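Heads up, protein07.pdb below (PDB, C-alpha atoms):
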ATOM      1  CA  MET A   1     246.247  62.691 348.944
ATOM      2  CA  THR A   2     249.642  61.012 348.828
ATOM      3  CA  ASP A   3     251.796  60.911 345.717
ATOM      4  CA  ARG A   4     251.253  57.150 345.439
ATOM      5  CA  LYS A   5     247.451  57.543 345.460
ATOM      6  CA  ARG A   6     247.659  60.368 342.894
ATOM      7  CA  SER A   7     249.775  58.133 340.638
ATOM      8  CA  LEU A   8     247.290  55.273 340.928
ATOM      9  CA  VAL A   9     244.352  57.606 340.197
ATOM     10  CA  ARG A  10     246.175  59.054 337.150
ATOM     11  CA  ALA A  11     247.090  55.585 335.867
ATOM     12  CA  SER A  12     243.500  54.396 336.295
ATOM     13  CA  ALA A  13     242.173  57.488 334.528
ATOM     14  CA  LEU A  14     244.622  57.032 331.638
ATOM     15  CA  LEU A  15     243.666  53.359 331.288
ATOM     16  CA  LEU A  16     239.972  54.242 331.286
ATOM     17  CA  ALA A  17     240.510  57.026 328.733
ATOM     18  CA  ALA A  18     242.523  54.716 326.471
ATOM     19  CA  THR A  19     239.829  52.054 326.691
ATOM     20  CA  VAL A  20     237.061  54.529 325.831
ATOM     21  CA  ALA A  21     239.075  56.197 323.063
ATOM     22  CA  THR A  22     239.858  52.935 321.300
ATOM     23  CA  GLY A  23     236.443  51.401 321.848
ATOM     24  CA  CYS A  24     238.010  48.380 323.488
ATOM     25  CA  ALA A  25     236.624  46.604 326.449
ATOM     26  CA  ILE A  26     238.798  44.908 328.998
ATOM     27  CA  ARG A  27     237.910  41.241 329.158
ATOM     28  CA  PRO A  28     239.425  38.492 331.235
ATOM     29  CA  ALA A  29     242.064  36.455 329.416
ATOM     30  CA  ALA A  30     239.949  33.312 329.938
ATOM     31  CA  ASP A  31     237.091  34.852 327.879
ATOM     32  CA  VAL A  32     239.454  35.724 325.030
ATOM     33  CA  LYS A  33     240.934  32.200 325.005
ATOM     34  CA  ALA A  34     237.464  30.588 325.076
ATOM     35  CA  GLU A  35     236.298  32.698 322.104
ATOM     36  CA  ALA A  36     239.435  31.949 320.104
ATOM     37  CA  SER A  37     239.050  28.202 320.658
ATOM     38  CA  LYS A  38     235.414  28.100 319.528
ATOM     39  CA  THR A  39     235.077  26.153 316.322
ATOM     40  CA  PRO A  40     231.668  25.668 314.812
ATOM     41  CA  GLU A  41     230.115  22.279 315.421
ATOM     42  CA  ILE A  42     229.987  19.948 312.430
ATOM     43  CA  HIS A  43     226.437  18.755 311.825
ATOM     44  CA  THR A  44     225.429  15.658 309.887
ATOM     45  CA  ASP A  45     221.641  15.988 309.968
ATOM     46  CA  THR A  46     220.208  16.603 306.507
ATOM     47  CA  GLU A  47     216.730  17.880 307.436
ATOM     48  CA  PRO A  48     217.639  21.574 308.003
ATOM     49  CA  LEU A  49     219.428  21.633 304.645
ATOM     50  CA  ALA A  50     216.651  19.767 302.827
ATOM     51  CA  LYS A  51     214.044  22.253 304.093
ATOM     52  CA  ARG A  52     216.024  25.213 302.772
ATOM     53  CA  LEU A  53     217.352  23.592 299.588
ATOM     54  CA  PRO A  54     214.484  21.539 298.123
ATOM     55  CA  LYS A  55     215.568  22.230 294.538
ATOM     56  CA  LEU A  56     218.724  20.163 295.044
ATOM     57  CA  GLY A  57     216.717  16.984 295.400
ATOM     58  CA  ARG A  58     217.310  14.353 298.059
ATOM     59  CA  ILE A  59     220.366  14.930 300.233
ATOM     60  CA  VAL A  60     221.764  11.497 301.089
ATOM     61  CA  SER A  61     224.362  12.715 303.594
ATOM     62  CA  ALA A  62     225.885  16.004 304.697
ATOM     63  CA  HIS A  63     228.612  17.583 306.774
ATOM     64  CA  TRP A  64     227.953  21.223 307.534
ATOM     65  CA  GLN A  65     228.635  24.029 309.939
ATOM     66  CA  GLN A  66     227.012  27.341 310.687
ATOM     67  CA  LYS A  67     228.785  30.430 311.964
ATOM     68  CA  ALA A  68     227.233  33.554 313.415
ATOM     69  CA  PRO A  69     230.173  35.928 313.885
ATOM     70  CA  GLY A  70     228.069  38.650 315.490
ATOM     71  CA  ALA A  71     226.117  36.376 317.827
ATOM     72  CA  ASP A  72     228.444  36.994 320.778
ATOM     73  CA  SER A  73     228.409  40.728 320.237
ATOM     74  CA  ARG A  74     227.023  43.007 322.903
ATOM     75  CA  VAL A  75     225.605  45.251 320.188
ATOM     76  CA  PRO A  76     221.908  44.541 319.581
ATOM     77  CA  GLY A  77     220.686  43.906 316.077
ATOM     78  CA  PRO A  78     220.334  41.198 313.472
ATOM     79  CA  THR A  79     222.977  38.521 313.165
ATOM     80  CA  ASP A  80     224.130  37.071 309.868
ATOM     81  CA  TYR A  81     224.485  33.299 309.648
ATOM     82  CA  TYR A  82     227.074  31.759 307.357
ATOM     83  CA  ILE A  83     226.792  28.144 306.336
ATOM     84  CA  SER A  84     229.314  25.833 304.724
ATOM     85  CA  ALA A  85     227.960  22.457 303.664
ATOM     86  CA  LEU A  86     229.202  19.421 301.797
ATOM     87  CA  MET A  87     226.192  17.421 300.605
ATOM     88  CA  LYS A  88     226.048  14.073 298.843
ATOM     89  CA  LEU A  89     223.004  13.768 296.562
ATOM     90  CA  ASP A  90     221.288  10.772 294.988
ATOM     91  CA  PRO A  91     223.327   9.178 292.167
ATOM     92  CA  GLY A  92     223.012  11.172 288.935
ATOM     93  CA  SER A  93     221.443  14.223 290.633
ATOM     94  CA  VAL A  94     224.356  16.578 289.988
ATOM     95  CA  ALA A  95     224.384  15.677 286.283
ATOM     96  CA  VAL A  96     220.665  16.527 286.075
ATOM     97  CA  LEU A  97     221.079  19.822 287.960
ATOM     98  CA  THR A  98     224.003  20.975 285.826
ATOM     99  CA  ALA A  99     222.849  19.674 282.422
ATOM    100  CA  SER A 100     220.999  22.760 281.205
ATOM    101  CA  THR A 101     223.488  25.387 282.445
ATOM    102  CA  GLN A 102     226.916  26.442 281.232
ATOM    103  CA  MET A 103     229.234  25.373 284.055
ATOM    104  CA  GLN A 104     232.664  26.868 284.723
ATOM    105  CA  PRO A 105     235.568  25.070 286.407
ATOM    106  CA  ALA A 106     236.117  26.318 289.955
ATOM    107  CA  VAL A 107     239.641  26.942 291.132
ATOM    108  CA  VAL A 108     240.276  25.712 294.673
ATOM    109  CA  GLY A 109     240.907  28.602 297.046
ATOM    110  CA  ALA A 110     240.569  31.441 294.546
ATOM    111  CA  GLU A 111     237.844  34.048 294.923
ATOM    112  CA  PRO A 112     235.252  35.015 293.749
ATOM    113  CA  GLU A 113     234.641  32.003 291.485
ATOM    114  CA  GLY A 114     236.823  29.664 293.488
ATOM    115  CA  ILE A 115     235.904  27.125 296.100
ATOM    116  CA  SER A 116     237.320  27.504 299.597
ATOM    117  CA  ILE A 117     236.189  24.694 301.896
ATOM    118  CA  PRO A 118     236.824  25.369 305.610
ATOM    119  CA  ALA A 119     239.554  23.219 307.159
ATOM    120  CA  GLU A 120     237.033  21.567 309.498
ATOM    121  CA  LEU A 121     235.098  20.205 306.497
ATOM    122  CA  ALA A 122     237.976  19.513 304.100
ATOM    123  CA  ASP A 123     238.330  15.875 305.204
ATOM    124  CA  PHE A 124     234.737  15.222 304.071
ATOM    125  CA  ALA A 125     235.287  16.542 300.521
ATOM    126  CA  PRO A 126     235.623  13.922 297.787
ATOM    127  CA  ALA A 127     239.234  13.149 296.863
ATOM    128  CA  GLY A 128     240.193  14.497 293.455
ATOM    129  CA  ALA A 129     236.969  16.466 293.038
ATOM    130  CA  GLN A 130     236.583  18.438 289.801
ATOM    131  CA  TRP A 131     234.393  21.296 291.059
ATOM    132  CA  VAL A 132     232.250  23.321 288.657
ATOM    133  CA  HIS A 133     230.181  26.435 289.304
ATOM    134  CA  SER A 134     227.411  28.523 287.730
ATOM    135  CA  ARG A 135     226.029  31.825 289.016
ATOM    136  CA  VAL A 136     222.711  30.924 287.407
ATOM    137  CA  LEU A 137     222.407  27.892 289.681
ATOM    138  CA  ASP A 138     223.453  29.975 292.714
ATOM    139  CA  GLU A 139     220.461  32.219 292.074
ATOM    140  CA  THR A 140     217.910  29.586 291.074
ATOM    141  CA  LEU A 141     218.630  26.760 293.513
ATOM    142  CA  VAL A 142     219.237  28.719 296.738
ATOM    143  CA  ARG A 143     217.253  31.477 298.402
ATOM    144  CA  ALA A 144     219.804  33.410 300.469
ATOM    145  CA  ASP A 145     221.377  36.819 300.901
ATOM    146  CA  SER A 146     224.353  35.385 299.029
ATOM    147  CA  ALA A 147     225.188  31.848 297.972
ATOM    148  CA  GLN A 148     227.679  29.909 295.910
ATOM    149  CA  LEU A 149     227.144  26.288 294.892
ATOM    150  CA  TYR A 150     229.932  24.085 293.601
ATOM    151  CA  PHE A 151     229.281  20.688 292.043
ATOM    152  CA  ASP A 152     231.423  17.581 291.614
ATOM    153  CA  PRO A 153     229.494  15.453 289.086
ATOM    154  CA  ALA A 154     231.649  12.331 289.558
ATOM    155  CA  SER A 155     230.804  12.018 293.265
ATOM    156  CA  ASP A 156     227.351  13.703 293.197
ATOM    157  CA  THR A 157     228.626  16.133 295.824
ATOM    158  CA  VAL A 158     227.556  19.747 296.225
ATOM    159  CA  TYR A 159     229.383  22.326 298.299
ATOM    160  CA  LEU A 160     227.394  25.338 299.532
ATOM    161  CA  SER A 161     228.846  28.537 300.938
ATOM    162  CA  ALA A 162     226.065  30.976 301.843
ATOM    163  CA  ALA A 163     224.915  33.804 304.070
ATOM    164  CA  ASN A 164     221.435  33.746 305.572
ATOM    165  CA  VAL A 165     219.804  30.843 303.747
ATOM    166  CA  HIS A 166     216.040  31.355 303.826
ATOM    167  CA  LEU A 167     213.170  28.916 303.709
ATOM    168  CA  PRO A 168     211.968  28.723 300.097
ATOM    169  CA  ASN A 169     208.455  30.035 300.804
ATOM    170  CA  ALA A 170     209.219  32.526 303.559
ATOM    171  CA  VAL A 171     208.401  36.205 303.231
ATOM    172  CA  THR A 172     211.435  38.458 303.468
ATOM    173  CA  VAL A 173     211.380  42.122 304.422
ATOM    174  CA  HIS A 174     214.331  44.262 303.366
ATOM    175  CA  VAL A 175     214.963  47.935 303.983
ATOM    176  CA  GLY A 176     215.615  49.669 300.678
ATOM    177  CA  PRO A 177     218.219  52.375 300.078
ATOM    178  CA  ASP A 178     215.570  55.029 300.722
ATOM    179  CA  GLY A 179     214.800  53.556 304.166
ATOM    180  CA  ASN A 180     211.430  52.107 303.127
ATOM    181  CA  GLN A 181     210.604  48.462 303.685
ATOM    182  CA  VAL A 182     210.288  46.264 300.638
ATOM    183  CA  THR A 183     208.513  42.933 301.091
ATOM    184  CA  ILE A 184     209.539  40.101 298.816
ATOM    185  CA  THR A 185     207.090  37.246 298.586
ATOM    186  CA  PRO A 186     208.339  34.295 296.582
ATOM    187  CA  THR A 187     206.193  32.595 294.002
ATOM    188  CA  PRO A 188     204.453  29.604 295.574
ATOM    189  CA  PRO A 189     205.804  26.276 294.395
ATOM    190  CA  ALA A 190     203.943  24.504 291.628
ATOM    191  CA  PRO A 191     201.802  21.630 292.889
ATOM    192  CA  THR A 192     203.422  18.246 292.489
ATOM    193  CA  PRO A 193     201.549  15.663 290.424
TER
END

structure tokens encoding of this file:
Amino acid sequence: MTDRKRSLVRASALLLAATVATGCAIRPAADVKAEASKTPEIHTDTEPLAKRLPKLGRIVSAHWQQKAPGADSRVPGPTDYYISALMKLDPGSVAVLTASTQMQPAVVGAEPEGISIPAELADFAPAGAQWVHSRVLDETLVRADSAQLYFDPASDTVYLSAANVHLPNAVTVHVGPDGNQVTITPTPPAPTP
């Protein structure tokens, strides 16, 4: 074997070892650019939100996006879905929803009680909104792995930031800390008169 071939074999072996050691995969530059340019589509259909958020009342209009950061992964397993939604409700609906709960002002951009609307949706937020928040309403109005609702009473707008929003009557199976499955069955909704 010539010195040139030995050098190429060594360089290839070092590159392979570095790739394996760091857990990185070599991907074409075009794939990296395509992934970086992906922005979630902005949806305006209200039906998917209405099905999952019936306690909000009628959603007049909405601008929302859903992200699944792990969906392009080559690792098998469940994928979390994150949703950001600005929803306009019927006039007076936000006042009714927030009337019986102590609401706190939400600071724009501050966590964990702050509101941080993604740049793609910011143009659809009401100008001069005075957002308020309540953890009680997060837990009672949305069935999700985690959810935060922010309300602007003046414009009857609700902003939702949530992970894995579930259908209200779906059965959920979680694995507990001991490795056993725990099934959570929600209480069926009361019949409507």

Spatial neighbours of A:Tyr159, 10 Å, all atoms listed in the file, chain gap at least 2 places, as a VMD selection string:
chain A and resid 62 to 64 84 to 88 115 to 117 125 131 133 148 to 152 157 161 to 162

Between atom CA of A:Asn164 and atom CA of A:Pro40 lies a distance of 16.0 Å

From atom CA of A:Gly109 to atom CA of A:Ile59 the spacing works out at 24.9 Å

If you count only C-alpha atoms, the residue of A:Pro153, A:Pro168, A:Pro69, A:Pro91 closest to A:Ala129 turns out to be A:Pro153

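Between A:Leu89 and the candidates A:Gln104, A:Thr39, A:Gln66, A:Ser155, the tightest atom-to-atom separation, counting all atoms listed in the file, involves A:Ser155.
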
Cut-off 9 Å around (220.6, 32.7, 297.4) with all atoms listed in the file: residues as an NGL selection string: :A and (138-148 or 162-166)

Can I get the selected residues back with C-alpha atoms, as an mmCIF file, in the frame of the given file?
data_model
loop_
_atom_site.group_PDB
_atom_site.id
_atom_site.type_symbol
_atom_site.label_atom_id
_atom_site.label_comp_id
_atom_site.auth_asym_id
_atom_site.auth_seq_id
_atom_site.Cartn_x
_atom_site.Cartn_y
_atom_site.Cartn_z
ATOM 1 C CA ASP A 138 223.453 29.975 292.714
ATOM 2 C CA GLU A 139 220.461 32.219 292.074
ATOM 3 C CA THR A 140 217.910 29.586 291.074
ATOM 4 C CA LEU A 141 218.630 26.760 293.513
ATOM 5 C CA VAL A 142 219.237 28.719 296.738
ATOM 6 C CA ARG A 143 217.253 31.477 298.402
ATOM 7 C CA ALA A 144 219.804 33.410 300.469
ATOM 8 C CA ASP A 145 221.377 36.819 300.901
ATOM 9 C CA SER A 146 224.353 35.385 299.029
ATOM 10 C CA ALA A 147 225.188 31.848 297.972
ATOM 11 C CA GLN A 148 227.679 29.909 295.910
ATOM 12 C CA ALA A 162 226.065 30.976 301.843
ATOM 13 C CA ALA A 163 224.915 33.804 304.070
ATOM 14 C CA ASN A 164 221.435 33.746 305.572
ATOM 15 C CA VAL A 165 219.804 30.843 303.747
ATOM 16 C CA HIS A 166 216.040 31.355 303.826
#

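Minimum atom-to-atom distances from A:Lys55, A:Val158, A:Val108, A:Asp80 to A:Phe124 were compared using all atoms listed in the file, and the lowest value belongs to A:Val158.
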
Among A:Asn169, A:Arg135, A:Ala68, A:Val94, A:Lys51 is approached most closely, using only C-alpha atoms, by A:Asn169

task = Expand the PyMOL selection byres ((chain A and resi 103) around 8) into the individual residues it matches in the shown file, reporting them as an MDAnalysis selection string.
result = chainID A and resid 98 101:102 104:105 132:134

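If you look at atom CA of A:Arg52 and atom CA of A:Gly128, they are 28.0 Å away from each other.
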
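Minimum atom-to-atom distances from A:Pro48, A:Gln65, A:Val107, A:Leu97 to A:Tyr82 were compared using only C-alpha atoms, and the lowest value belongs to A:Gln65.
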